[in-house]
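Here is the file input01.json (JSON, C-alpha atoms).
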```json
[["chain", "number", "residue", "atom", "x", "y", "z"],
["Q", 1, "MET", "CA", 0.00, 0.00, 0.00],
["Q", 2, "PRO", "CA", 1.33, 3.46, -0.87],
["Q", 3, "LEU", "CA", 2.62, 5.24, 2.23],
["Q", 4, "PHE", "CA", 3.18, 9.00, 2.39],
["Q", 5, "TYR", "CA", 4.92, 10.87, 5.18],
["Q", 6, "CYS", "CA", 3.77, 14.45, 4.65],
["Q", 7, "SER", "CA", 4.55, 17.82, 6.13],
["Q", 8, "TYR", "CA", 2.59, 20.99, 5.54],
["Q", 9, "ASP", "CA", 2.72, 24.49, 7.02],
["Q", 10, "SER", "CA", -0.17, 24.51, 9.46],
["Q", 11, "LYS", "CA", -2.02, 27.76, 10.07],
["Q", 12, "ALA", "CA", -3.64, 26.39, 13.25],
["Q", 13, "LEU", "CA", -0.36, 25.17, 14.74],
["Q", 14, "ALA", "CA", 1.86, 27.95, 13.36],
["Q", 15, "THR", "CA", 4.47, 25.33, 12.52],
["Q", 16, "PRO", "CA", 4.98, 22.50, 10.01],
["Q", 17, "HIS", "CA", 2.73, 19.56, 10.86],
["Q", 18, "LYS", "CA", 3.49, 15.91, 10.16],
["Q", 19, "VAL", "CA", 0.99, 13.28, 9.03],
["Q", 20, "ALA", "CA", 1.33, 9.75, 7.64],
["Q", 21, "VAL", "CA", -1.20, 8.68, 4.98],
["Q", 22, "LEU", "CA", -1.57, 5.04, 3.92],
["Q", 23, "LEU", "CA", -3.69, 4.40, 0.82],
["Q", 24, "PRO", "CA", -5.12, 1.10, -0.41],
["Q", 25, "GLY", "CA", -3.20, -0.36, -3.29],
["Q", 26, "PRO", "CA", -2.00, -3.62, -4.82],
["Q", 27, "ASP", "CA", 0.68, -5.74, -3.20],
["Q", 28, "SER", "CA", 3.81, -6.82, -5.07],
["Q", 29, "MET", "CA", 2.16, -9.90, -6.59],
["Q", 30, "GLU", "CA", -0.81, -7.90, -7.86],
["Q", 31, "THR", "CA", 1.50, -5.23, -9.22],
["Q", 32, "ALA", "CA", 3.44, -7.81, -11.20],
["Q", 33, "SER", "CA", 0.32, -9.35, -12.73],
["Q", 34, "ARG", "CA", -1.60, -6.19, -13.69],
["Q", 35, "SER", "CA", -1.16, -3.73, -16.53],
["Q", 36, "LEU", "CA", -0.26, -0.10, -15.91],
["Q", 37, "GLU", "CA", -3.76, 0.87, -17.00],
["Q", 38, "GLU", "CA", -5.24, -1.39, -14.32],
["Q", 39, "LEU", "CA", -2.80, -0.30, -11.65],
["Q", 40, "TYR", "CA", -3.37, 3.40, -12.16],
["Q", 41, "ALA", "CA", -7.01, 3.52, -13.20],
["Q", 42, "PRO", "CA", -9.00, 6.38, -11.65],
["Q", 43, "ARG", "CA", -10.83, 5.40, -8.49],
["Q", 44, "GLY", "CA", -13.60, 6.93, -6.47],
["Q", 45, "PRO", "CA", -13.23, 8.68, -3.11],
["Q", 46, "LEU", "CA", -11.89, 6.38, -0.39],
["Q", 47, "GLN", "CA", -13.28, 5.64, 3.04],
["Q", 48, "VAL", "CA", -10.89, 7.05, 5.61],
["Q", 49, "LEU", "CA", -9.92, 6.26, 9.19],
["Q", 50, "TYR", "CA", -8.04, 8.81, 11.28],
["Q", 51, "LEU", "CA", -5.80, 7.05, 13.83],
["Q", 52, "LEU", "CA", -4.56, 9.04, 16.81],
["Q", 53, "HIS", "CA", -1.51, 7.97, 18.79],
["Q", 54, "GLY", "CA", -1.00, 8.08, 22.54],
["Q", 55, "MET", "CA", 1.40, 10.04, 24.73],
["Q", 56, "ASN", "CA", 5.09, 10.07, 23.85],
["Q", 57, "GLU", "CA", 4.33, 8.51, 20.44],
["Q", 58, "ASP", "CA", 4.12, 9.83, 16.89],
["Q", 59, "GLU", "CA", 2.52, 9.44, 13.46],
["Q", 60, "SER", "CA", 4.38, 6.17, 12.82],
["Q", 61, "THR", "CA", 3.21, 4.34, 15.95],
["Q", 62, "TRP", "CA", 0.10, 2.61, 14.60],
["Q", 63, "LEU", "CA", 2.05, 1.16, 11.68],
["Q", 64, "ARG", "CA", 4.99, 0.09, 13.86],
["Q", 65, "ARG", "CA", 3.04, -1.40, 16.74],
["Q", 66, "THR", "CA", 0.05, -3.08, 15.01],
["Q", 67, "THR", "CA", -0.97, -4.91, 11.84],
["Q", 68, "ILE", "CA", -3.56, -2.25, 10.96],
["Q", 69, "GLU", "CA", -2.20, -2.11, 7.39],
["Q", 70, "GLN", "CA", -3.41, -5.65, 6.70],
["Q", 71, "TYR", "CA", -6.95, -4.79, 7.75],
["Q", 72, "ALA", "CA", -6.88, -1.55, 5.76],
["Q", 73, "ARG", "CA", -5.81, -3.46, 2.66],
["Q", 74, "ARG", "CA", -8.72, -5.87, 2.97],
["Q", 75, "LEU", "CA", -11.25, -3.11, 3.57],
["Q", 76, "ARG", "CA", -9.72, -0.78, 0.94],
["Q", 77, "LEU", "CA", -9.47, 1.85, 3.62],
["Q", 78, "ALA", "CA", -7.26, 4.94, 3.71],
["Q", 79, "LEU", "CA", -5.48, 5.55, 7.01],
["Q", 80, "VAL", "CA", -4.57, 9.04, 8.23],
["Q", 81, "MET", "CA", -2.14, 9.18, 11.17],
["Q", 82, "PRO", "CA", -1.36, 12.73, 12.33],
["Q", 83, "TYR", "CA", 1.30, 13.73, 14.82],
["Q", 84, "GLY", "CA", -0.29, 15.08, 17.98],
["Q", 85, "GLU", "CA", 2.59, 15.67, 20.39],
["Q", 86, "ASN", "CA", 1.28, 15.22, 24.00],
["Q", 87, "SER", "CA", -1.55, 17.65, 23.30],
["Q", 88, "PHE", "CA", -4.60, 15.41, 23.86],
["Q", 89, "TYR", "CA", -5.55, 16.92, 20.48],
["Q", 90, "LEU", "CA", -6.91, 20.02, 22.23],
["Q", 91, "ASP", "CA", -6.84, 23.69, 21.46],
["Q", 92, "MET", "CA", -4.42, 24.24, 24.33],
["Q", 93, "ALA", "CA", -4.80, 26.93, 26.99],
["Q", 94, "CYS", "CA", -1.20, 27.99, 26.34],
["Q", 95, "GLY", "CA", -0.13, 26.45, 23.08],
["Q", 96, "PRO", "CA", -1.16, 25.47, 19.56],
["Q", 97, "ALA", "CA", -4.71, 24.78, 18.34],
["Q", 98, "TRP", "CA", -4.43, 21.01, 17.86],
["Q", 99, "LEU", "CA", -8.20, 20.43, 17.74],
["Q", 100, "GLU", "CA", -8.66, 23.09, 15.07],
["Q", 101, "ASN", "CA", -5.89, 21.46, 13.08],
["Q", 102, "LEU", "CA", -7.43, 17.99, 13.43],
["Q", 103, "THR", "CA", -11.01, 18.93, 12.59],
["Q", 104, "GLU", "CA", -10.61, 21.91, 10.26],
["Q", 105, "GLU", "CA", -7.22, 22.24, 8.62],
["Q", 106, "LEU", "CA", -6.02, 18.66, 8.25],
["Q", 107, "PRO", "CA", -9.22, 17.45, 6.48],
["Q", 108, "ARG", "CA", -8.89, 20.31, 3.99],
["Q", 109, "PHE", "CA", -5.24, 19.47, 3.32],
["Q", 110, "LEU", "CA", -6.08, 15.80, 2.84],
["Q", 111, "ARG", "CA", -9.02, 16.35, 0.50],
["Q", 112, "GLN", "CA", -6.94, 18.74, -1.59],
["Q", 113, "ASN", "CA", -4.12, 16.22, -2.03],
["Q", 114, "PHE", "CA", -5.66, 12.73, -1.78],
["Q", 115, "ALA", "CA", -8.77, 11.04, -3.16],
["Q", 116, "LEU", "CA", -10.58, 10.82, 0.18],
["Q", 117, "SER", "CA", -14.33, 10.88, 0.61],
["Q", 118, "PRO", "CA", -15.72, 14.03, 2.27],
["Q", 119, "ARG", "CA", -18.84, 12.16, 3.50],
["Q", 120, "ARG", "CA", -19.20, 11.67, 7.26],
["Q", 121, "GLU", "CA", -20.54, 8.17, 6.55],
["Q", 122, "ASP", "CA", -17.13, 7.32, 5.03],
["Q", 123, "THR", "CA", -15.06, 8.97, 7.76],
["Q", 124, "ALA", "CA", -14.17, 7.53, 11.16],
["Q", 125, "ILE", "CA", -11.68, 8.39, 13.89],
["Q", 126, "ALA", "CA", -10.05, 6.17, 16.50],
["Q", 127, "GLY", "CA", -7.23, 6.33, 19.00],
["Q", 128, "ALA", "CA", -5.49, 4.59, 21.87],
["Q", 129, "SER", "CA", -4.95, 6.07, 25.34],
["Q", 130, "MET", "CA", -4.52, 9.84, 24.82],
["Q", 131, "GLY", "CA", -5.67, 9.24, 21.25],
["Q", 132, "GLY", "CA", -8.85, 7.56, 22.52],
["Q", 133, "TYR", "CA", -9.80, 10.77, 24.30],
["Q", 134, "GLY", "CA", -8.89, 12.77, 21.19],
["Q", 135, "ALA", "CA", -11.00, 10.58, 18.92],
["Q", 136, "LEU", "CA", -14.17, 10.73, 21.04],
["Q", 137, "HIS", "CA", -13.68, 14.43, 21.72],
["Q", 138, "ALA", "CA", -13.36, 15.28, 18.02],
["Q", 139, "ALA", "CA", -16.33, 13.10, 17.07],
["Q", 140, "LEU", "CA", -18.64, 14.52, 19.75],
["Q", 141, "LEU", "CA", -17.74, 18.09, 18.81],
["Q", 142, "ARG", "CA", -17.87, 17.44, 15.04],
["Q", 143, "PRO", "CA", -20.55, 14.82, 14.33],
["Q", 144, "ASP", "CA", -20.90, 16.45, 10.91],
["Q", 145, "LEU", "CA", -17.36, 15.32, 10.08],
["Q", 146, "PHE", "CA", -17.07, 11.88, 11.70],
["Q", 147, "GLY", "CA", -19.67, 9.16, 11.30],
["Q", 148, "ALA", "CA", -18.05, 6.86, 13.86],
["Q", 149, "ALA", "CA", -15.39, 6.97, 16.59],
["Q", 150, "ALA", "CA", -13.52, 4.46, 18.72],
["Q", 151, "SER", "CA", -11.44, 4.63, 21.87],
["Q", 152, "LEU", "CA", -9.02, 1.90, 22.95],
["Q", 153, "SER", "CA", -8.30, 2.32, 26.68],
["Q", 154, "GLY", "CA", -8.88, 6.03, 26.36],
["Q", 155, "ALA", "CA", -7.81, 8.51, 29.04],
["Q", 156, "LEU", "CA", -11.37, 9.85, 28.99],
["Q", 157, "ASP", "CA", -11.61, 11.90, 32.19],
["Q", 158, "LEU", "CA", -9.33, 14.84, 31.46],
["Q", 159, "GLU", "CA", -9.85, 16.39, 34.88],
["Q", 160, "GLN", "CA", -8.53, 13.25, 36.55],
["Q", 161, "VAL", "CA", -5.71, 12.95, 34.05],
["Q", 162, "VAL", "CA", -4.47, 16.46, 34.85],
["Q", 163, "ARG", "CA", -4.95, 16.02, 38.61],
["Q", 164, "ARG", "CA", -2.99, 12.77, 38.51],
["Q", 165, "GLY", "CA", -0.34, 14.14, 36.20],
["Q", 166, "HIS", "CA", 2.44, 12.27, 38.00],
["Q", 167, "ILE", "CA", 0.83, 9.00, 36.84],
["Q", 168, "PHE", "CA", 0.14, 10.05, 33.26],
["Q", 169, "GLY", "CA", 3.41, 11.90, 32.69],
["Q", 170, "LEU", "CA", 1.71, 15.30, 32.56],
["Q", 171, "VAL", "CA", 3.33, 17.07, 35.48],
["Q", 172, "ARG", "CA", 4.66, 19.81, 33.19],
["Q", 173, "GLN", "CA", 1.97, 19.70, 30.48],
["Q", 174, "GLY", "CA", -1.19, 20.04, 32.59],
["Q", 175, "ALA", "CA", -1.19, 23.83, 32.84],
["Q", 176, "PRO", "CA", -0.41, 24.44, 29.14],
["Q", 177, "LEU", "CA", -3.16, 21.96, 28.20],
["Q", 178, "VAL", "CA", -6.13, 23.29, 30.14],
["Q", 179, "GLY", "CA", -4.84, 25.91, 32.61],
["Q", 180, "SER", "CA", -5.77, 23.81, 35.64],
["Q", 181, "ALA", "CA", -7.82, 20.72, 36.44],
["Q", 182, "GLN", "CA", -10.54, 22.91, 37.96],
["Q", 183, "LYS", "CA", -11.23, 24.42, 34.53],
["Q", 184, "VAL", "CA", -12.11, 21.09, 32.88],
["Q", 185, "PRO", "CA", -15.57, 20.23, 34.35],
["Q", 186, "GLY", "CA", -18.32, 21.57, 32.13],
["Q", 187, "SER", "CA", -15.91, 22.94, 29.53],
["Q", 188, "GLU", "CA", -15.55, 21.97, 25.89],
["Q", 189, "ASN", "CA", -12.66, 19.72, 26.96],
["Q", 190, "ASP", "CA", -14.86, 17.70, 29.33],
["Q", 191, "LEU", "CA", -16.00, 14.57, 27.46],
["Q", 192, "PHE", "CA", -18.84, 14.03, 29.92],
["Q", 193, "ALA", "CA", -20.15, 17.55, 29.25],
["Q", 194, "CYS", "CA", -19.67, 17.12, 25.48],
["Q", 195, "ALA", "CA", -21.83, 13.99, 25.57],
["Q", 196, "ARG", "CA", -24.45, 15.72, 27.69],
["Q", 197, "ARG", "CA", -24.78, 18.54, 25.15],
["Q", 198, "GLN", "CA", -25.31, 16.25, 22.16],
["Q", 199, "THR", "CA", -28.29, 17.25, 20.05],
["Q", 200, "ALA", "CA", -27.01, 16.41, 16.57],
["Q", 201, "GLN", "CA", -28.71, 13.73, 14.52],
["Q", 202, "PRO", "CA", -27.44, 11.32, 13.51],
["Q", 203, "LEU", "CA", -24.78, 10.92, 16.19],
["Q", 204, "PRO", "CA", -21.49, 9.19, 15.45],
["Q", 205, "ARG", "CA", -21.38, 5.47, 16.23],
["Q", 206, "LEU", "CA", -19.27, 5.11, 19.37],
["Q", 207, "TYR", "CA", -17.10, 2.12, 20.35],
["Q", 208, "LEU", "CA", -15.15, 2.00, 23.62],
["Q", 209, "CYS", "CA", -13.06, -0.76, 25.13],
["Q", 210, "CYS", "CA", -10.63, -1.07, 28.01],
["Q", 211, "GLY", "CA", -8.59, -3.75, 29.75],
["Q", 212, "ARG", "CA", -9.72, -5.09, 33.13],
["Q", 213, "GLN", "CA", -6.16, -4.77, 34.40],
["Q", 214, "ASP", "CA", -5.78, -1.15, 33.23],
["Q", 215, "ALA", "CA", -5.27, 0.51, 36.61],
["Q", 216, "GLU", "CA", -5.23, 4.06, 35.19],
["Q", 217, "CYS", "CA", -8.11, 4.06, 32.72],
["Q", 218, "LEU", "CA", -10.60, 1.27, 33.51],
["Q", 219, "GLU", "CA", -12.63, 3.18, 36.09],
["Q", 220, "MET", "CA", -12.99, 6.28, 33.92],
["Q", 221, "ASN", "CA", -14.02, 4.16, 30.90],
["Q", 222, "ARG", "CA", -16.71, 2.45, 32.96],
["Q", 223, "ARG", "CA", -17.98, 5.81, 34.21],
["Q", 224, "PHE", "CA", -18.07, 7.30, 30.72],
["Q", 225, "ALA", "CA", -19.88, 4.27, 29.27],
["Q", 226, "ALA", "CA", -22.43, 4.49, 32.11],
["Q", 227, "HIS", "CA", -22.78, 8.21, 31.41],
["Q", 228, "LEU", "CA", -23.54, 7.55, 27.73],
["Q", 229, "ALA", "CA", -26.11, 4.91, 28.74],
["Q", 230, "ALA", "CA", -27.79, 7.29, 31.20],
["Q", 231, "LEU", "CA", -28.06, 9.91, 28.46],
["Q", 232, "GLY", "CA", -29.54, 7.38, 26.06],
["Q", 233, "LEU", "CA", -26.64, 7.78, 23.59],
["Q", 234, "ALA", "CA", -26.02, 4.65, 21.54],
["Q", 235, "HIS", "CA", -22.59, 3.10, 22.03],
["Q", 236, "VAL", "CA", -20.77, -0.20, 22.44],
["Q", 237, "TYR", "CA", -18.54, -0.74, 25.48],
["Q", 238, "GLU", "CA", -16.41, -3.85, 25.89],
["Q", 239, "GLU", "CA", -13.77, -5.00, 28.35],
["Q", 240, "PHE", "CA", -10.93, -7.40, 27.67],
["Q", 241, "ASP", "CA", -8.30, -9.20, 29.71],
["Q", 242, "GLY", "CA", -5.16, -7.10, 29.75],
["Q", 243, "GLY", "CA", -3.66, -3.76, 30.64],
["Q", 244, "HIS", "CA", -2.65, -0.55, 28.91],
["Q", 245, "HIS", "CA", -0.45, -2.00, 26.16],
["Q", 246, "TRP", "CA", -0.28, -2.26, 22.37],
["Q", 247, "PRO", "CA", -0.49, -6.10, 22.24],
["Q", 248, "GLU", "CA", -3.95, -5.89, 23.85],
["Q", 249, "TRP", "CA", -5.04, -3.08, 21.53],
["Q", 250, "GLU", "CA", -3.83, -5.08, 18.54],
["Q", 251, "ARG", "CA", -6.31, -7.81, 19.48],
["Q", 252, "GLN", "CA", -9.14, -5.25, 19.58],
["Q", 253, "ILE", "CA", -8.61, -3.98, 16.02],
["Q", 254, "PRO", "CA", -11.10, -6.39, 14.34],
["Q", 255, "ALA", "CA", -13.87, -5.44, 16.78],
["Q", 256, "MET", "CA", -13.02, -1.76, 16.42],
["Q", 257, "LEU", "CA", -13.21, -1.87, 12.63],
["Q", 258, "LYS", "CA", -16.42, -3.87, 12.73],
["Q", 259, "HIS", "CA", -18.16, -1.14, 14.71],
["Q", 260, "LEU", "CA", -16.63, 1.70, 12.74],
["Q", 261, "PHE", "CA", -17.26, 0.52, 9.19],
["Q", 262, "SER", "CA", -19.51, -2.55, 9.10],
["Q", 263, "PRO", "CA", -21.59, -2.68, 12.28],
["Q", 264, "ASP", "CA", -23.97, -5.25, 10.80],
["Q", 265, "LYS", "CA", -21.52, -7.43, 8.89],
["Q", 266, "GLY", "CA", -18.21, -7.48, 10.79],
["Q", 267, "ALA", "CA", -14.79, -6.36, 9.61]]
```
Mind turning the file's structure into structure tokens?
Amino acid sequence: MPLFYCSYDSKALATPHKVAVLLPGPDSMETASRSLEELYAPRGPLQVLYLLHGMNEDESTWLRRTTIEQYARRLRLALVMPYGENSFYLDMACGPAWLENLTEELPRFLRQNFALSPRREDTAIAGASMGGYGALHAALLRPDLFGAAASLSGALDLEQVVRRGHIFGLVRQGAPLVGSAQKVPGSENDLFACARRQTAQPLPRLYLCCGRQDAECLEMNRRFAAHLAALGLAHVYEEFDGGHHWPEWERQIPAMLKHLFSPDKGA
């Protein structure tokens, strides 16, 4: 599959921004057996999945730590993997506008340069850990852009994440992110408040999962799933045996893709 590591001058971030884009394409055997006309025939807009990395990771992490490329090949799915620093993909209190970049600027850059579908029904977003929060946050704020969202062991309670910064590695980043933990409840950065304010129809399909041995994130995932249920917002929440690690998330990819792109048929 063609893989592009791109950099563009971001207006929202006021700095060059990095993103990896993986497009469906033939493997080496198919390339050898097809004509140039077949290989490079025009194709329609592609379904796209945004994949957000966790803390202390980058735009290459999903490709290095999982076999997501094999699933994308089978589903003929474009993957977009932006760099997000340790920003939680927020418009930071003292820092760049990462959310604006993710939901406004990056989609425009991608549609200008790649054959990606602009339809919300063809667009999903997912992430692990910090990226799980970022994916649900973006989808709840922009249901017009994302038709589905998934969180793998997401750090979903941002107030608790900032308060317990010594656990999450945010001792120095908490203040630049949100100012202080006291400013999170009820704000646009509070996932619980974002869910409570949902009035859009249709809502994105939501999939959440977390490991039963995930000491940091299990309790907040259970609370957020219960919060969605109390609000009557459709979602799927699953737990698995394991902790906060990529091998466990790798095993959740088939279920994640099933709920994002083929909820009635499976991935």
Checklist entry - Hey, which of Q:Pro176, Q:Gln182, Q:Val236, Q:Thr61 ends up closest to Arg163 (chain Q)? Count all atoms listed in the file. => result Q:Gln182
Item to check | Polymer residues at most 9 Å from Asn189 (chain Q), only C-alpha atoms, same-chain spacing of 6 or more positions, as number ranges by chain | outcome: Q: 90-91, 137, 158, 178
Item to check | Coordinates-based distance that separates CA of Gln112 (chain Q) from CA of Cys6 (chain Q) (Å, one decimal) | outcome: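 Separation between CA of Cys6 (chain Q) and CA of Gln112 (chain Q): 13.1 Å.
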Next on the checklist: Which residues are near Asp58 (chain Q)? Cut-off 12 Å, only C-alpha atoms, ignore same chain within fewer than 6 positions. Put them as an MDAnalysis selection string.
Outcome noted: chainID Q and resid 5 17:20 51:52 64:65 81:87 130:131
Checklist entry - What does the distance from CA of Val48 (chain Q) to CA of Val21 (chain Q) come to in Å, to one decimal? => result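 Interatomic distance here is 9.8 Å.
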Next on the checklist: Taking all atoms listed in the file into account, name the residue in Q:Glu239, Q:Glu159, Q:Glu100, Q:Asp122 that is nearest to Arg212 (chain Q).
Outcome noted: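 Among the listed residues, the smallest separation from Arg212 (chain Q) belongs to Q:Glu239.
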Next on the checklist: With only C-alpha atoms as the counted atoms, please give the residues lying no more than 10 Å from Asp241 (chain Q), apart from itself and same-chain residues fewer than 2 positions off, as a list in words.
Outcome noted: Cys210, Gly211, Arg212, Gln213, Asp214, Glu239, Gly243 and Glu248 of chain Q
Could you rebuild region 192-208 of chain Q with N, CA, C and O atoms and give me the result as a PDB file, in the coordinates of the input?
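The result, stored in part.pdb:
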```pdb
ATOM      1  N   PHE Q 192     -17.537  14.284  29.314  1.00  0.00           N
ATOM      2  CA  PHE Q 192     -18.840  14.030  29.920  1.00  0.00           C
ATOM      3  C   PHE Q 192     -19.804  15.164  29.577  1.00  0.00           C
ATOM      4  O   PHE Q 192     -20.970  14.919  29.248  1.00  0.00           O
ATOM      5  N   ALA Q 193     -19.316  16.407  29.614  1.00  0.00           N
ATOM      6  CA  ALA Q 193     -20.150  17.550  29.250  1.00  0.00           C
ATOM      7  C   ALA Q 193     -20.447  17.560  27.750  1.00  0.00           C
ATOM      8  O   ALA Q 193     -21.563  17.881  27.328  1.00  0.00           O
ATOM      9  N   CYS Q 194     -19.457  17.187  26.935  1.00  0.00           N
ATOM     10  CA  CYS Q 194     -19.670  17.120  25.480  1.00  0.00           C
ATOM     11  C   CYS Q 194     -20.785  16.134  25.143  1.00  0.00           C
ATOM     12  O   CYS Q 194     -21.633  16.404  24.284  1.00  0.00           O
ATOM     13  N   ALA Q 195     -20.783  14.991  25.806  1.00  0.00           N
ATOM     14  CA  ALA Q 195     -21.830  13.990  25.570  1.00  0.00           C
ATOM     15  C   ALA Q 195     -23.187  14.522  26.016  1.00  0.00           C
ATOM     16  O   ALA Q 195     -24.208  14.319  25.343  1.00  0.00           O
ATOM     17  N   ARG Q 196     -23.196  15.212  27.146  1.00  0.00           N
ATOM     18  CA  ARG Q 196     -24.450  15.720  27.690  1.00  0.00           C
ATOM     19  C   ARG Q 196     -25.086  16.756  26.770  1.00  0.00           C
ATOM     20  O   ARG Q 196     -26.315  16.896  26.710  1.00  0.00           O
ATOM     21  N   ARG Q 197     -24.269  17.480  26.024  1.00  0.00           N
ATOM     22  CA  ARG Q 197     -24.780  18.540  25.150  1.00  0.00           C
ATOM     23  C   ARG Q 197     -25.188  18.036  23.772  1.00  0.00           C
ATOM     24  O   ARG Q 197     -25.587  18.833  22.923  1.00  0.00           O
ATOM     25  N   GLN Q 198     -25.064  16.758  23.506  1.00  0.00           N
ATOM     26  CA  GLN Q 198     -25.310  16.250  22.160  1.00  0.00           C
ATOM     27  C   GLN Q 198     -26.768  16.418  21.752  1.00  0.00           C
ATOM     28  O   GLN Q 198     -27.681  15.950  22.427  1.00  0.00           O
ATOM     29  N   THR Q 199     -26.951  17.102  20.638  1.00  0.00           N
ATOM     30  CA  THR Q 199     -28.290  17.250  20.050  1.00  0.00           C
ATOM     31  C   THR Q 199     -28.288  16.890  18.570  1.00  0.00           C
ATOM     32  O   THR Q 199     -29.346  16.816  17.953  1.00  0.00           O
ATOM     33  N   ALA Q 200     -27.102  16.676  18.006  1.00  0.00           N
ATOM     34  CA  ALA Q 200     -27.010  16.410  16.570  1.00  0.00           C
ATOM     35  C   ALA Q 200     -27.622  15.062  16.228  1.00  0.00           C
ATOM     36  O   ALA Q 200     -27.592  14.116  17.011  1.00  0.00           O
ATOM     37  N   GLN Q 201     -28.180  14.992  15.045  1.00  0.00           N
ATOM     38  CA  GLN Q 201     -28.710  13.730  14.520  1.00  0.00           C
ATOM     39  C   GLN Q 201     -28.273  13.589  13.077  1.00  0.00           C
ATOM     40  O   GLN Q 201     -28.410  14.522  12.298  1.00  0.00           O
ATOM     41  N   PRO Q 202     -27.733  12.456  12.635  1.00  0.00           N
ATOM     42  CA  PRO Q 202     -27.440  11.320  13.510  1.00  0.00           C
ATOM     43  C   PRO Q 202     -26.135  11.530  14.274  1.00  0.00           C
ATOM     44  O   PRO Q 202     -25.256  12.272  13.829  1.00  0.00           O
ATOM     45  N   LEU Q 203     -26.007  10.870  15.403  1.00  0.00           N
ATOM     46  CA  LEU Q 203     -24.780  10.920  16.190  1.00  0.00           C
ATOM     47  C   LEU Q 203     -23.759   9.946  15.618  1.00  0.00           C
ATOM     48  O   LEU Q 203     -24.116   8.961  14.964  1.00  0.00           O
ATOM     49  N   PRO Q 204     -22.485  10.180  15.863  1.00  0.00           N
ATOM     50  CA  PRO Q 204     -21.490   9.190  15.450  1.00  0.00           C
ATOM     51  C   PRO Q 204     -21.700   7.868  16.201  1.00  0.00           C
ATOM     52  O   PRO Q 204     -22.130   7.859  17.361  1.00  0.00           O
ATOM     53  N   ARG Q 205     -21.404   6.756  15.529  1.00  0.00           N
ATOM     54  CA  ARG Q 205     -21.380   5.470  16.230  1.00  0.00           C
ATOM     55  C   ARG Q 205     -20.153   5.464  17.144  1.00  0.00           C
ATOM     56  O   ARG Q 205     -19.050   5.799  16.717  1.00  0.00           O
ATOM     57  N   LEU Q 206     -20.339   5.068  18.392  1.00  0.00           N
ATOM     58  CA  LEU Q 206     -19.270   5.110  19.370  1.00  0.00           C
ATOM     59  C   LEU Q 206     -18.910   3.703  19.837  1.00  0.00           C
ATOM     60  O   LEU Q 206     -19.795   2.915  20.194  1.00  0.00           O
ATOM     61  N   TYR Q 207     -17.606   3.407  19.844  1.00  0.00           N
ATOM     62  CA  TYR Q 207     -17.100   2.120  20.350  1.00  0.00           C
ATOM     63  C   TYR Q 207     -16.007   2.419  21.366  1.00  0.00           C
ATOM     64  O   TYR Q 207     -15.062   3.167  21.076  1.00  0.00           O
ATOM     65  N   LEU Q 208     -16.138   1.839  22.553  1.00  0.00           N
ATOM     66  CA  LEU Q 208     -15.150   2.000  23.620  1.00  0.00           C
ATOM     67  C   LEU Q 208     -14.762   0.625  24.128  1.00  0.00           C
ATOM     68  O   LEU Q 208     -15.607  -0.276  24.245  1.00  0.00           O
TER      69      LEU Q 208
END
```
